[in-house]
Amino acid sequence: MDADTIFAVASGAGHAAIAVMRLSGADARRVLAGLCGRVPPPRRVSLRWLGEIDQAMVVWLPGPGSYTGEDSAELYLHGGRAVLTGLADALVALGARPAEPGEFTRRAFLNGRMDLTEAEAVHDLIAAETEAQRRQALRQLDGALGNLYRGWSDRLRLLLAEQEALIDFPDEDLPPEVEAQVDVELAALQTEMTAHLNDDRRGERLREGLVFAISGAPNVGKSSLINALAERDVAIVSATPGTTRDALETRVVLGGVPVTLVDTAGLRATQDAIEAEGVRRAEARAATADMVIAVEDATATAAAATYPGNCIRVANKIDLGGCVGHDAIGVSALTGEGLAILRARLADAARSLTESSGPPPLTQARHRAALQEASARLAGARTAELPELRAEDLRLALRALGRITGAVGVEDILDTLFARFCIGK
Ligand SMILES: Nc1nc2c(ncn2[C@@H]2O[C@H](COP(=O)(O)OP(=O)(O)OP(=O)(O)O)[C@@H](O)[C@H]2O)c(=O)[nH]1
Ligand SMILES: [Mg+2]
């Protein structure tokens with residue numbers, strides 16, 4: 001166990017009315033007493049002079065019922081730079097050291113206050129930009145995802161115990177129903193895992209945000225459309241076809257989901273090497289986007305390109321007349337006509353790409369990899385010829401599941417996982 005007592009400013013950087021200093025570790029009581037004399041009663045806000053540094057509200061949070069599980073304290077100070085440096089110097093003089101990013105949460109995990117999915121949710125909640133992301137992180141923080149995986153682990157553990165009994169007492173004939181029952185349960189678990197894995201990456205998409213690429217022929221008004229949707233001047237608009245070369249990005253919120261809109265070069269065959277590179281990039285962005293907004297000119301006769309994935313067709317420049325196909329949305333980036341309808345359609349699309357009903361969705365590639373491994377081991381267990389081999393597959397499946405919640409073998413990933421956190425969390 002880490003014996004250091006750590007501290008960090010948990011509130012945002014810079015000058016503010018109040019700043020929160022956090023302290024945690026075996027020595028927290030002595031350090032706090034050194035700062036403010038008498039340690040206040042637990043979990044009560046008390047006003048204290050911190051030597052000559054500041055007058056602050058102080059909360060003493062003894063372990064194991066604290067966030068980290070260790071003896072901890074929080075101090076609400078005046079948020080000036082000199083106050084915080086003065087306090088940091090005093091804390092170092094008393095034997096504490098500045099915390100690493102995520103170190104409080106890492107200790108909370110190591111002390112069994114939360115599992116890894118909950119620790120990841122703390123990070124996601126802090127990073128959440130939109131309502132839908134916040135809800136997903138909060139649900140995960142509440143243990144929904146961890147409980148799902150632990151439920152599967154518990155069921156696997158029962159099956160493993162039955163297999164082990166079969167290995168240890170091979171002569172005691174188990175009734176054939178037991179064997180059949182094991183296979184039924186294995187099949188059920190595998191079906192549930194497969195359904196969870198085949199979720200179209202909803203949870204991961206919401207966590208990471210979506211990418212919608214605006215694509216189409218030159219001059220149809222793609223750049224005008226991104227400017228209209230983002231309500232700011234993202235891209236250069238001009239009557240010269242082939243204006244946009246680089247892919248330009250801007251973040252918007254649609255249906256509670258963060259969406260990166262990408263404006264791309266107009267698609268056409270060209271001799272110009274720079275424009276050709278733009279076209280190549282445009283095609284690449286459209287191919288990897290979660291959704292393509294395929295723009296065509298309502299007054300032109302040329303049919304718009306078709307895209308294999310999710311696609312919304314938009315016929316622009318309806319202020320000039322022309323016609324709008326039955327599966328396209330008619331808009332004018334110039335007058336704003338039809339844009340509200342387009343926005344609503346895009347919001348619906350963003351929601352339906354990320355919304356999930358039923359069990360909580362998978363939110364991280366790390367979970368996905370471990371679940372794929374667990375699912376493959378289950379498949380192995382179902383076809384294993386010998387009880388010993390079947391038991392080994394079940395053990396490996398359990399291990400893979402355990403890595404998600406951090407129940408087993410995660411030492412190697414903790415550094416990378418917590419390094420993404422803020423200092424003070
Ligand atoms: N009348 C009318 N003109 C438009 C509309 N949208 C764009 N334009 C004009 O069409 C021309 C091309 O617009 P852009 O937005 O630069 O088109 P683009 O698709 O980004 O073109 P490239 O970057 O060259 O592929 C400009 O002169 C715009 O002012 C519209 O809804 N109505
Ligand atoms: Mg353009």
# chains A, B, ... in the order shown; residues from 1 in each chain; ligands from 1
call {"tool": "select_by_dssp", "arguments": {"residues": "segment 269-300 of chain A", "states": "strand (DSSP E or B)", "output": "JSON, numbers by chain"}}
result
{"A": [291, 292, 293, 294, 295, 296, 297]}
call {"tool": "write_last_selection", "arguments": {"atoms": "N, CA and C atoms", "output": "PDB file, in the first residue's frame"}}
result
ATOM      1  N   MET A 291     -21.810   8.977 -40.004  1.00  0.00           N
ATOM      2  CA  MET A 291     -22.921   9.381 -40.868  1.00  0.00           C
ATOM      3  C   MET A 291     -22.365  10.274 -41.969  1.00  0.00           C
ATOM      4  N   VAL A 292     -22.859  10.100 -43.188  1.00  0.00           N
ATOM      5  CA  VAL A 292     -22.484  11.003 -44.273  1.00  0.00           C
ATOM      6  C   VAL A 292     -23.675  11.904 -44.566  1.00  0.00           C
ATOM      7  N   ILE A 293     -23.431  13.200 -44.591  1.00  0.00           N
ATOM      8  CA  ILE A 293     -24.457  14.136 -45.037  1.00  0.00           C
ATOM      9  C   ILE A 293     -24.129  14.380 -46.513  1.00  0.00           C
ATOM     10  N   ALA A 294     -24.893  13.725 -47.395  1.00  0.00           N
ATOM     11  CA  ALA A 294     -24.586  13.769 -48.830  1.00  0.00           C
ATOM     12  C   ALA A 294     -25.334  14.946 -49.438  1.00  0.00           C
ATOM     13  N   VAL A 295     -24.576  15.957 -49.847  1.00  0.00           N
ATOM     14  CA  VAL A 295     -25.203  17.182 -50.351  1.00  0.00           C
ATOM     15  C   VAL A 295     -25.221  17.172 -51.877  1.00  0.00           C
ATOM     16  N   GLU A 296     -26.363  17.567 -52.434  1.00  0.00           N
ATOM     17  CA  GLU A 296     -26.441  17.753 -53.884  1.00  0.00           C
ATOM     18  C   GLU A 296     -27.091  19.108 -54.151  1.00  0.00           C
ATOM     19  N   ASP A 297     -26.966  19.563 -55.382  1.00  0.00           N
ATOM     20  CA  ASP A 297     -27.548  20.846 -55.771  1.00  0.00           C
ATOM     21  C   ASP A 297     -28.950  20.566 -56.308  1.00  0.00           C
TER      22      ASP A 297
END
call {"tool": "closest_atom_pairs", "arguments": {"of": "chain A", "to": "ligand 1", "cutoff": "10 Å", "atoms": "only C-alpha atoms and all ligand atoms", "output": "Markdown table"}}
result
| residue | atom | partner | partner_atom_place_in_ligand_line | distance |
| --- | --- | --- | --- | --- |
| A:Ile214 | CA | ligand 1 | 19 (O) | 9.0 |
| A:Ser215 | CA | ligand 1 | 19 (O) | 8.1 |
| A:Gly216 | CA | ligand 1 | 19 (O) | 6.9 |
| A:Ala217 | CA | ligand 1 | 25 (O) | 6.1 |
| A:Pro218 | CA | ligand 1 | 25 (O) | 3.3 |
| A:Asn219 | CA | ligand 1 | 21 (O) | 3.4 |
| A:Val220 | CA | ligand 1 | 19 (O) | 4.1 |
| A:Gly221 | CA | ligand 1 | 17 (O) | 3.3 |
| A:Lys222 | CA | ligand 1 | 19 (O) | 3.7 |
| A:Ser223 | CA | ligand 1 | 20 (O) | 3.6 |
| A:Ser224 | CA | ligand 1 | 15 (O) | 3.6 |
| A:Leu225 | CA | ligand 1 | 15 (O) | 6.5 |
| A:Ile226 | CA | ligand 1 | 15 (O) | 8.2 |
| A:Asn227 | CA | ligand 1 | 15 (O) | 8.4 |
| A:Ala228 | CA | ligand 1 | 6 (N) | 9.5 |
| A:Ala235 | CA | ligand 1 | 20 (O) | 7.8 |
| A:Ile236 | CA | ligand 1 | 16 (O) | 6.4 |
| A:Val237 | CA | ligand 1 | 16 (O) | 3.5 |
| A:Ser238 | CA | ligand 1 | 16 (O) | 4.3 |
| A:Ala239 | CA | ligand 1 | 27 (O) | 3.4 |
| A:Thr240 | CA | ligand 1 | 24 (O) | 6.0 |
| A:Pro241 | CA | ligand 1 | 24 (O) | 3.8 |
| A:Gly242 | CA | ligand 1 | 24 (O) | 3.4 |
| A:Thr243 | CA | ligand 1 | 24 (O) | 3.8 |
| A:Thr244 | CA | ligand 1 | 23 (O) | 3.7 |
| A:Arg245 | CA | ligand 1 | 23 (O) | 7.0 |
| A:Asp246 | CA | ligand 1 | 23 (O) | 9.4 |
| A:Ala247 | CA | ligand 1 | 23 (O) | 9.9 |
| A:Asp263 | CA | ligand 1 | 20 (O) | 7.5 |
| A:Thr264 | CA | ligand 1 | 23 (O) | 7.1 |
| A:Ala265 | CA | ligand 1 | 25 (O) | 4.9 |
| A:Gly266 | CA | ligand 1 | 25 (O) | 3.4 |
| A:Leu267 | CA | ligand 1 | 25 (O) | 7.1 |
| A:Arg268 | CA | ligand 1 | 25 (O) | 9.0 |
| A:Glu275 | CA | ligand 1 | 24 (O) | 9.8 |
| A:Gly278 | CA | ligand 1 | 25 (O) | 9.8 |
| A:Val279 | CA | ligand 1 | 25 (O) | 9.4 |
| A:Val295 | CA | ligand 1 | 19 (O) | 7.8 |
| A:Glu296 | CA | ligand 1 | 19 (O) | 8.5 |
| A:Asp297 | CA | ligand 1 | 5 (C) | 8.6 |
| A:Ala298 | CA | ligand 1 | 31 (O) | 9.1 |
| A:Thr299 | CA | ligand 1 | 1 (N) | 9.8 |
| A:Ala315 | CA | ligand 1 | 31 (O) | 8.9 |
| A:Asn316 | CA | ligand 1 | 31 (O) | 5.2 |
| A:Lys317 | CA | ligand 1 | 31 (O) | 3.4 |
| A:Ile318 | CA | ligand 1 | 31 (O) | 6.4 |
| A:Asp319 | CA | ligand 1 | 32 (N) | 5.7 |
| A:Leu320 | CA | ligand 1 | 1 (N) | 5.7 |
| A:Gly321 | CA | ligand 1 | 1 (N) | 9.2 |
| A:Gly330 | CA | ligand 1 | 31 (O) | 9.5 |
| A:Val331 | CA | ligand 1 | 31 (O) | 6.6 |
| A:Ser332 | CA | ligand 1 | 31 (O) | 3.4 |
| A:Ala333 | CA | ligand 1 | 31 (O) | 3.9 |
| A:Leu334 | CA | ligand 1 | 31 (O) | 4.1 |
| A:Thr335 | CA | ligand 1 | 31 (O) | 6.5 |
| A:Gly336 | CA | ligand 1 | 31 (O) | 7.6 |
| A:Glu337 | CA | ligand 1 | 31 (O) | 8.3 |
| A:Gly338 | CA | ligand 1 | 31 (O) | 10.0 |
call {"tool": "closest_residue", "arguments": {"among": "A:Val234, A:Ile126, A:Val410, A:Leu386", "to": "ligand 2", "atoms": "only C-alpha atoms and all ligand atoms"}}
result
A:Val234
call {"tool": "residues_around", "arguments": {"residues": "segment 86-95 of chain A", "least_positions_apart": "3", "cutoff": "12 Å", "atoms": "only C-alpha atoms", "output": "JSON, numbers by chain"}}
result
{"A": [3, 4, 5, 6, 7, 8, 9, 19, 20, 21, 22, 23, 24, 25, 26, 27, 28, 29, 30, 31, 32, 33, 34, 35, 36, 49, 50, 51, 52, 53, 54, 55, 56, 75, 76, 77, 78, 79, 80, 81, 82, 83, 98, 99]}
call {"tool": "closest_residue", "arguments": {"among": "A:Glu120, A:Asp233, A:Asp115, A:Glu103", "to": "ligand 2", "atoms": "only C-alpha atoms and all ligand atoms"}}
result
A:Asp233
call {"tool": "select_by_dssp", "arguments": {"residues": "segment 175-338 of chain A", "states": "alpha helix (DSSP H)", "output": "PDB file with N, CA and C atoms, in the first residue's frame"}}
result
ATOM      1  N   PRO A 176     -27.243 -36.913 -15.886  1.00  0.00           N
ATOM      2  CA  PRO A 176     -27.027 -36.289 -17.202  1.00  0.00           C
ATOM      3  C   PRO A 176     -27.687 -34.914 -17.323  1.00  0.00           C
ATOM      4  N   GLU A 177     -28.742 -34.689 -16.536  1.00  0.00           N
ATOM      5  CA  GLU A 177     -29.389 -33.362 -16.630  1.00  0.00           C
ATOM      6  C   GLU A 177     -28.399 -32.255 -16.260  1.00  0.00           C
ATOM      7  N   VAL A 178     -27.481 -32.589 -15.329  1.00  0.00           N
ATOM      8  CA  VAL A 178     -26.537 -31.560 -14.891  1.00  0.00           C
ATOM      9  C   VAL A 178     -25.675 -31.114 -16.071  1.00  0.00           C
ATOM     10  N   GLU A 179     -25.153 -32.075 -16.814  1.00  0.00           N
ATOM     11  CA  GLU A 179     -24.350 -31.752 -18.002  1.00  0.00           C
ATOM     12  C   GLU A 179     -25.139 -30.873 -18.967  1.00  0.00           C
ATOM     13  N   ALA A 180     -26.370 -31.282 -19.228  1.00  0.00           N
ATOM     14  CA  ALA A 180     -27.218 -30.548 -20.170  1.00  0.00           C
ATOM     15  C   ALA A 180     -27.459 -29.135 -19.648  1.00  0.00           C
ATOM     16  N   GLN A 181     -27.677 -29.040 -18.339  1.00  0.00           N
ATOM     17  CA  GLN A 181     -27.954 -27.762 -17.703  1.00  0.00           C
ATOM     18  C   GLN A 181     -26.764 -26.812 -17.863  1.00  0.00           C
ATOM     19  N   VAL A 182     -25.547 -27.381 -17.701  1.00  0.00           N
ATOM     20  CA  VAL A 182     -24.337 -26.573 -17.854  1.00  0.00           C
ATOM     21  C   VAL A 182     -24.291 -25.983 -19.260  1.00  0.00           C
ATOM     22  N   ASP A 183     -24.602 -26.804 -20.244  1.00  0.00           N
ATOM     23  CA  ASP A 183     -24.526 -26.294 -21.606  1.00  0.00           C
ATOM     24  C   ASP A 183     -25.587 -25.233 -21.871  1.00  0.00           C
ATOM     25  N   VAL A 184     -26.769 -25.424 -21.319  1.00  0.00           N
ATOM     26  CA  VAL A 184     -27.836 -24.424 -21.485  1.00  0.00           C
ATOM     27  C   VAL A 184     -27.384 -23.091 -20.889  1.00  0.00           C
ATOM     28  N   GLU A 185     -26.806 -23.163 -19.713  1.00  0.00           N
ATOM     29  CA  GLU A 185     -26.372 -21.935 -19.036  1.00  0.00           C
ATOM     30  C   GLU A 185     -25.217 -21.272 -19.799  1.00  0.00           C
ATOM     31  N   LEU A 186     -24.275 -22.086 -20.297  1.00  0.00           N
ATOM     32  CA  LEU A 186     -23.167 -21.530 -21.091  1.00  0.00           C
ATOM     33  C   LEU A 186     -23.695 -20.831 -22.337  1.00  0.00           C
ATOM     34  N   ALA A 187     -24.661 -21.477 -22.993  1.00  0.00           N
ATOM     35  CA  ALA A 187     -25.239 -20.898 -24.209  1.00  0.00           C
ATOM     36  C   ALA A 187     -25.940 -19.583 -23.872  1.00  0.00           C
ATOM     37  N   ALA A 188     -26.646 -19.554 -22.739  1.00  0.00           N
ATOM     38  CA  ALA A 188     -27.372 -18.343 -22.342  1.00  0.00           C
ATOM     39  C   ALA A 188     -26.387 -17.199 -22.094  1.00  0.00           C
ATOM     40  N   LEU A 189     -25.309 -17.511 -21.379  1.00  0.00           N
ATOM     41  CA  LEU A 189     -24.301 -16.486 -21.095  1.00  0.00           C
ATOM     42  C   LEU A 189     -23.699 -15.955 -22.384  1.00  0.00           C
ATOM     43  N   GLN A 190     -23.418 -16.882 -23.291  1.00  0.00           N
ATOM     44  CA  GLN A 190     -22.801 -16.472 -24.550  1.00  0.00           C
ATOM     45  C   GLN A 190     -23.739 -15.578 -25.355  1.00  0.00           C
ATOM     46  N   THR A 191     -25.023 -15.914 -25.350  1.00  0.00           N
ATOM     47  CA  THR A 191     -26.002 -15.088 -26.070  1.00  0.00           C
ATOM     48  C   THR A 191     -26.046 -13.676 -25.478  1.00  0.00           C
ATOM     49  N   GLU A 192     -26.059 -13.596 -24.156  1.00  0.00           N
ATOM     50  CA  GLU A 192     -26.117 -12.262 -23.519  1.00  0.00           C
ATOM     51  C   GLU A 192     -24.869 -11.445 -23.848  1.00  0.00           C
ATOM     52  N   MET A 193     -23.710 -12.104 -23.824  1.00  0.00           N
ATOM     53  CA  MET A 193     -22.464 -11.385 -24.126  1.00  0.00           C
ATOM     54  C   MET A 193     -22.448 -10.923 -25.575  1.00  0.00           C
ATOM     55  N   THR A 194     -22.904 -11.795 -26.477  1.00  0.00           N
ATOM     56  CA  THR A 194     -22.904 -11.434 -27.895  1.00  0.00           C
ATOM     57  C   THR A 194     -23.817 -10.238 -28.132  1.00  0.00           C
ATOM     58  N   ALA A 195     -24.994 -10.252 -27.477  1.00  0.00           N
ATOM     59  CA  ALA A 195     -25.920  -9.119 -27.651  1.00  0.00           C
ATOM     60  C   ALA A 195     -25.261  -7.834 -27.139  1.00  0.00           C
ATOM     61  N   HIS A 196     -24.567  -7.938 -26.027  1.00  0.00           N
ATOM     62  CA  HIS A 196     -23.892  -6.779 -25.440  1.00  0.00           C
ATOM     63  C   HIS A 196     -22.782  -6.275 -26.375  1.00  0.00           C
ATOM     64  N   LEU A 197     -22.079  -7.199 -27.005  1.00  0.00           N
ATOM     65  CA  LEU A 197     -20.987  -6.818 -27.920  1.00  0.00           C
ATOM     66  C   LEU A 197     -21.521  -6.246 -29.228  1.00  0.00           C
ATOM     67  N   ARG A 202     -22.681   1.665 -29.534  1.00  0.00           N
ATOM     68  CA  ARG A 202     -23.466   2.802 -29.055  1.00  0.00           C
ATOM     69  C   ARG A 202     -22.799   3.544 -27.899  1.00  0.00           C
ATOM     70  N   GLY A 203     -22.422   2.779 -26.881  1.00  0.00           N
ATOM     71  CA  GLY A 203     -21.818   3.386 -25.694  1.00  0.00           C
ATOM     72  C   GLY A 203     -20.497   4.039 -26.012  1.00  0.00           C
ATOM     73  N   GLU A 204     -19.693   3.369 -26.818  1.00  0.00           N
ATOM     74  CA  GLU A 204     -18.385   3.937 -27.177  1.00  0.00           C
ATOM     75  C   GLU A 204     -18.580   5.185 -28.038  1.00  0.00           C
ATOM     76  N   ARG A 205     -19.558   5.112 -28.948  1.00  0.00           N
ATOM     77  CA  ARG A 205     -19.815   6.269 -29.819  1.00  0.00           C
ATOM     78  C   ARG A 205     -20.240   7.478 -29.004  1.00  0.00           C
ATOM     79  N   LEU A 206     -21.107   7.254 -28.014  1.00  0.00           N
ATOM     80  CA  LEU A 206     -21.568   8.381 -27.207  1.00  0.00           C
ATOM     81  C   LEU A 206     -20.400   8.948 -26.404  1.00  0.00           C
ATOM     82  N   ARG A 207     -19.580   8.065 -25.854  1.00  0.00           N
ATOM     83  CA  ARG A 207     -18.454   8.501 -25.035  1.00  0.00           C
ATOM     84  C   ARG A 207     -17.471   9.318 -25.881  1.00  0.00           C
ATOM     85  N   GLU A 208     -17.191   8.843 -27.092  1.00  0.00           N
ATOM     86  CA  GLU A 208     -16.181   9.493 -27.928  1.00  0.00           C
ATOM     87  C   GLU A 208     -16.748  10.634 -28.757  1.00  0.00           C
ATOM     88  N   LYS A 222     -21.483  22.660 -49.621  1.00  0.00           N
ATOM     89  CA  LYS A 222     -21.100  21.912 -48.410  1.00  0.00           C
ATOM     90  C   LYS A 222     -20.533  22.845 -47.344  1.00  0.00           C
ATOM     91  N   SER A 223     -19.655  23.751 -47.778  1.00  0.00           N
ATOM     92  CA  SER A 223     -19.047  24.668 -46.812  1.00  0.00           C
ATOM     93  C   SER A 223     -20.101  25.638 -46.280  1.00  0.00           C
ATOM     94  N   SER A 224     -21.007  26.076 -47.165  1.00  0.00           N
ATOM     95  CA  SER A 224     -22.094  26.960 -46.706  1.00  0.00           C
ATOM     96  C   SER A 224     -22.934  26.235 -45.658  1.00  0.00           C
ATOM     97  N   LEU A 225     -23.128  24.924 -45.859  1.00  0.00           N
ATOM     98  CA  LEU A 225     -23.963  24.140 -44.948  1.00  0.00           C
ATOM     99  C   LEU A 225     -23.287  23.963 -43.584  1.00  0.00           C
ATOM    100  N   ILE A 226     -21.990  23.692 -43.569  1.00  0.00           N
ATOM    101  CA  ILE A 226     -21.318  23.522 -42.270  1.00  0.00           C
ATOM    102  C   ILE A 226     -21.353  24.850 -41.515  1.00  0.00           C
ATOM    103  N   ASN A 227     -21.178  25.947 -42.218  1.00  0.00           N
ATOM    104  CA  ASN A 227     -21.236  27.256 -41.557  1.00  0.00           C
ATOM    105  C   ASN A 227     -22.621  27.501 -40.970  1.00  0.00           C
ATOM    106  N   ALA A 228     -23.652  27.108 -41.728  1.00  0.00           N
ATOM    107  CA  ALA A 228     -25.026  27.317 -41.258  1.00  0.00           C
ATOM    108  C   ALA A 228     -25.316  26.416 -40.052  1.00  0.00           C
ATOM    109  N   LEU A 229     -24.888  25.174 -40.105  1.00  0.00           N
ATOM    110  CA  LEU A 229     -25.175  24.243 -39.002  1.00  0.00           C
ATOM    111  C   LEU A 229     -24.393  24.619 -37.745  1.00  0.00           C
ATOM    112  N   ALA A 230     -23.161  25.062 -37.928  1.00  0.00           N
ATOM    113  CA  ALA A 230     -22.334  25.412 -36.770  1.00  0.00           C
ATOM    114  C   ALA A 230     -22.613  26.837 -36.302  1.00  0.00           C
ATOM    115  N   ALA A 273      -2.980  18.354 -58.346  1.00  0.00           N
ATOM    116  CA  ALA A 273      -2.492  17.401 -57.346  1.00  0.00           C
ATOM    117  C   ALA A 273      -3.018  17.737 -55.942  1.00  0.00           C
ATOM    118  N   ILE A 274      -3.098  19.025 -55.629  1.00  0.00           N
ATOM    119  CA  ILE A 274      -3.555  19.411 -54.286  1.00  0.00           C
ATOM    120  C   ILE A 274      -5.034  19.081 -54.127  1.00  0.00           C
ATOM    121  N   GLU A 275      -5.820  19.425 -55.156  1.00  0.00           N
ATOM    122  CA  GLU A 275      -7.237  19.117 -55.078  1.00  0.00           C
ATOM    123  C   GLU A 275      -7.453  17.603 -55.010  1.00  0.00           C
ATOM    124  N   ALA A 276      -6.634  16.845 -55.768  1.00  0.00           N
ATOM    125  CA  ALA A 276      -6.775  15.381 -55.770  1.00  0.00           C
ATOM    126  C   ALA A 276      -6.536  14.828 -54.366  1.00  0.00           C
ATOM    127  N   GLU A 277      -5.562  15.404 -53.671  1.00  0.00           N
ATOM    128  CA  GLU A 277      -5.292  14.979 -52.295  1.00  0.00           C
ATOM    129  C   GLU A 277      -6.498  15.305 -51.406  1.00  0.00           C
ATOM    130  N   GLY A 278      -7.114  16.479 -51.653  1.00  0.00           N
ATOM    131  CA  GLY A 278      -8.326  16.853 -50.918  1.00  0.00           C
ATOM    132  C   GLY A 278      -9.446  15.848 -51.147  1.00  0.00           C
ATOM    133  N   VAL A 279      -9.605  15.435 -52.400  1.00  0.00           N
ATOM    134  CA  VAL A 279     -10.654  14.470 -52.751  1.00  0.00           C
ATOM    135  C   VAL A 279     -10.374  13.131 -52.049  1.00  0.00           C
ATOM    136  N   ARG A 280      -9.096  12.744 -52.027  1.00  0.00           N
ATOM    137  CA  ARG A 280      -8.734  11.488 -51.368  1.00  0.00           C
ATOM    138  C   ARG A 280      -9.105  11.567 -49.881  1.00  0.00           C
ATOM    139  N   ARG A 281      -8.781  12.693 -49.252  1.00  0.00           N
ATOM    140  CA  ARG A 281      -9.098  12.867 -47.828  1.00  0.00           C
ATOM    141  C   ARG A 281     -10.600  12.877 -47.598  1.00  0.00           C
ATOM    142  N   ALA A 282     -11.319  13.538 -48.519  1.00  0.00           N
ATOM    143  CA  ALA A 282     -12.775  13.621 -48.397  1.00  0.00           C
ATOM    144  C   ALA A 282     -13.381  12.217 -48.424  1.00  0.00           C
ATOM    145  N   GLU A 283     -12.880  11.400 -49.346  1.00  0.00           N
ATOM    146  CA  GLU A 283     -13.419  10.041 -49.462  1.00  0.00           C
ATOM    147  C   GLU A 283     -13.093   9.230 -48.218  1.00  0.00           C
ATOM    148  N   ALA A 284     -11.887   9.422 -47.694  1.00  0.00           N
ATOM    149  CA  ALA A 284     -11.489   8.683 -46.492  1.00  0.00           C
ATOM    150  C   ALA A 284     -12.368   9.089 -45.306  1.00  0.00           C
ATOM    151  N   ARG A 285     -12.649  10.386 -45.173  1.00  0.00           N
ATOM    152  CA  ARG A 285     -13.472  10.834 -44.037  1.00  0.00           C
ATOM    153  C   ARG A 285     -14.894  10.300 -44.159  1.00  0.00           C
ATOM    154  N   ALA A 286     -15.425  10.315 -45.389  1.00  0.00           N
ATOM    155  CA  ALA A 286     -16.790   9.804 -45.591  1.00  0.00           C
ATOM    156  C   ALA A 286     -16.844   8.309 -45.263  1.00  0.00           C
ATOM    157  N   ALA A 287     -15.763   7.593 -45.591  1.00  0.00           N
ATOM    158  CA  ALA A 287     -15.777   6.141 -45.382  1.00  0.00           C
ATOM    159  C   ALA A 287     -15.743   5.781 -43.895  1.00  0.00           C
ATOM    160  N   THR A 288     -15.113   6.613 -43.063  1.00  0.00           N
ATOM    161  CA  THR A 288     -14.997   6.256 -41.647  1.00  0.00           C
ATOM    162  C   THR A 288     -16.010   6.995 -40.770  1.00  0.00           C
TER     163      THR A 288
END
call {"tool": "closest_residue", "arguments": {"among": "A:Val262, A:Val314, A:Leu156, A:Cys323", "to": "ligand 2", "atoms": "only C-alpha atoms and all ligand atoms"}}
result
A:Val262
call {"tool": "decode", "arguments": {"residues": "segment 111-122 of chain A", "atoms": "N, CA, C and O atoms", "output": "short mmCIF file (atom, residue, chain, number, x, y, z; two decimals), in the first residue's frame"}}
result
data_model
loop_
_atom_site.label_atom_id
_atom_site.label_comp_id
_atom_site.auth_asym_id
_atom_site.auth_seq_id
_atom_site.Cartn_x
_atom_site.Cartn_y
_atom_site.Cartn_z
N ASN A 111 -8.17 0.50 -2.82
CA ASN A 111 -8.73 0.23 -1.50
C ASN A 111 -10.14 -0.35 -1.58
O ASN A 111 -10.86 -0.40 -0.58
N GLY A 112 -10.56 -0.74 -2.76
CA GLY A 112 -11.86 -1.40 -2.91
C GLY A 112 -13.05 -0.48 -2.77
O GLY A 112 -14.18 -0.94 -2.55
N ARG A 113 -12.85 0.83 -2.91
CA ARG A 113 -13.99 1.76 -2.82
C ARG A 113 -14.78 1.78 -4.12
O ARG A 113 -15.92 2.22 -4.13
N MET A 114 -14.17 1.39 -5.22
CA MET A 114 -14.89 1.35 -6.50
C MET A 114 -14.18 0.36 -7.40
O MET A 114 -13.00 0.05 -7.19
N ASP A 115 -14.90 -0.16 -8.40
CA ASP A 115 -14.23 -1.05 -9.36
C ASP A 115 -13.69 -0.19 -10.51
O ASP A 115 -13.88 1.03 -10.54
N LEU A 116 -13.02 -0.84 -11.45
CA LEU A 116 -12.39 -0.06 -12.53
C LEU A 116 -13.40 0.62 -13.43
O LEU A 116 -13.16 1.73 -13.91
N THR A 117 -14.55 -0.02 -13.66
CA THR A 117 -15.54 0.63 -14.53
C THR A 117 -16.06 1.90 -13.86
O THR A 117 -16.34 2.89 -14.52
N GLU A 118 -16.17 1.87 -12.53
CA GLU A 118 -16.61 3.07 -11.82
C GLU A 118 -15.52 4.15 -11.84
O GLU A 118 -15.82 5.34 -12.00
N ALA A 119 -14.26 3.74 -11.70
CA ALA A 119 -13.16 4.70 -11.79
C ALA A 119 -13.15 5.34 -13.17
O ALA A 119 -12.99 6.56 -13.31
N GLU A 120 -13.36 4.53 -14.21
CA GLU A 120 -13.41 5.08 -15.57
C GLU A 120 -14.59 6.05 -15.71
O GLU A 120 -14.50 7.06 -16.42
N ALA A 121 -15.69 5.74 -15.01
CA ALA A 121 -16.87 6.61 -15.08
C ALA A 121 -16.60 7.96 -14.43
O ALA A 121 -17.12 8.98 -14.88
N VAL A 122 -15.76 7.98 -13.39
CA VAL A 122 -15.40 9.26 -12.76
C VAL A 122 -14.74 10.15 -13.80
O VAL A 122 -15.08 11.32 -13.98
#
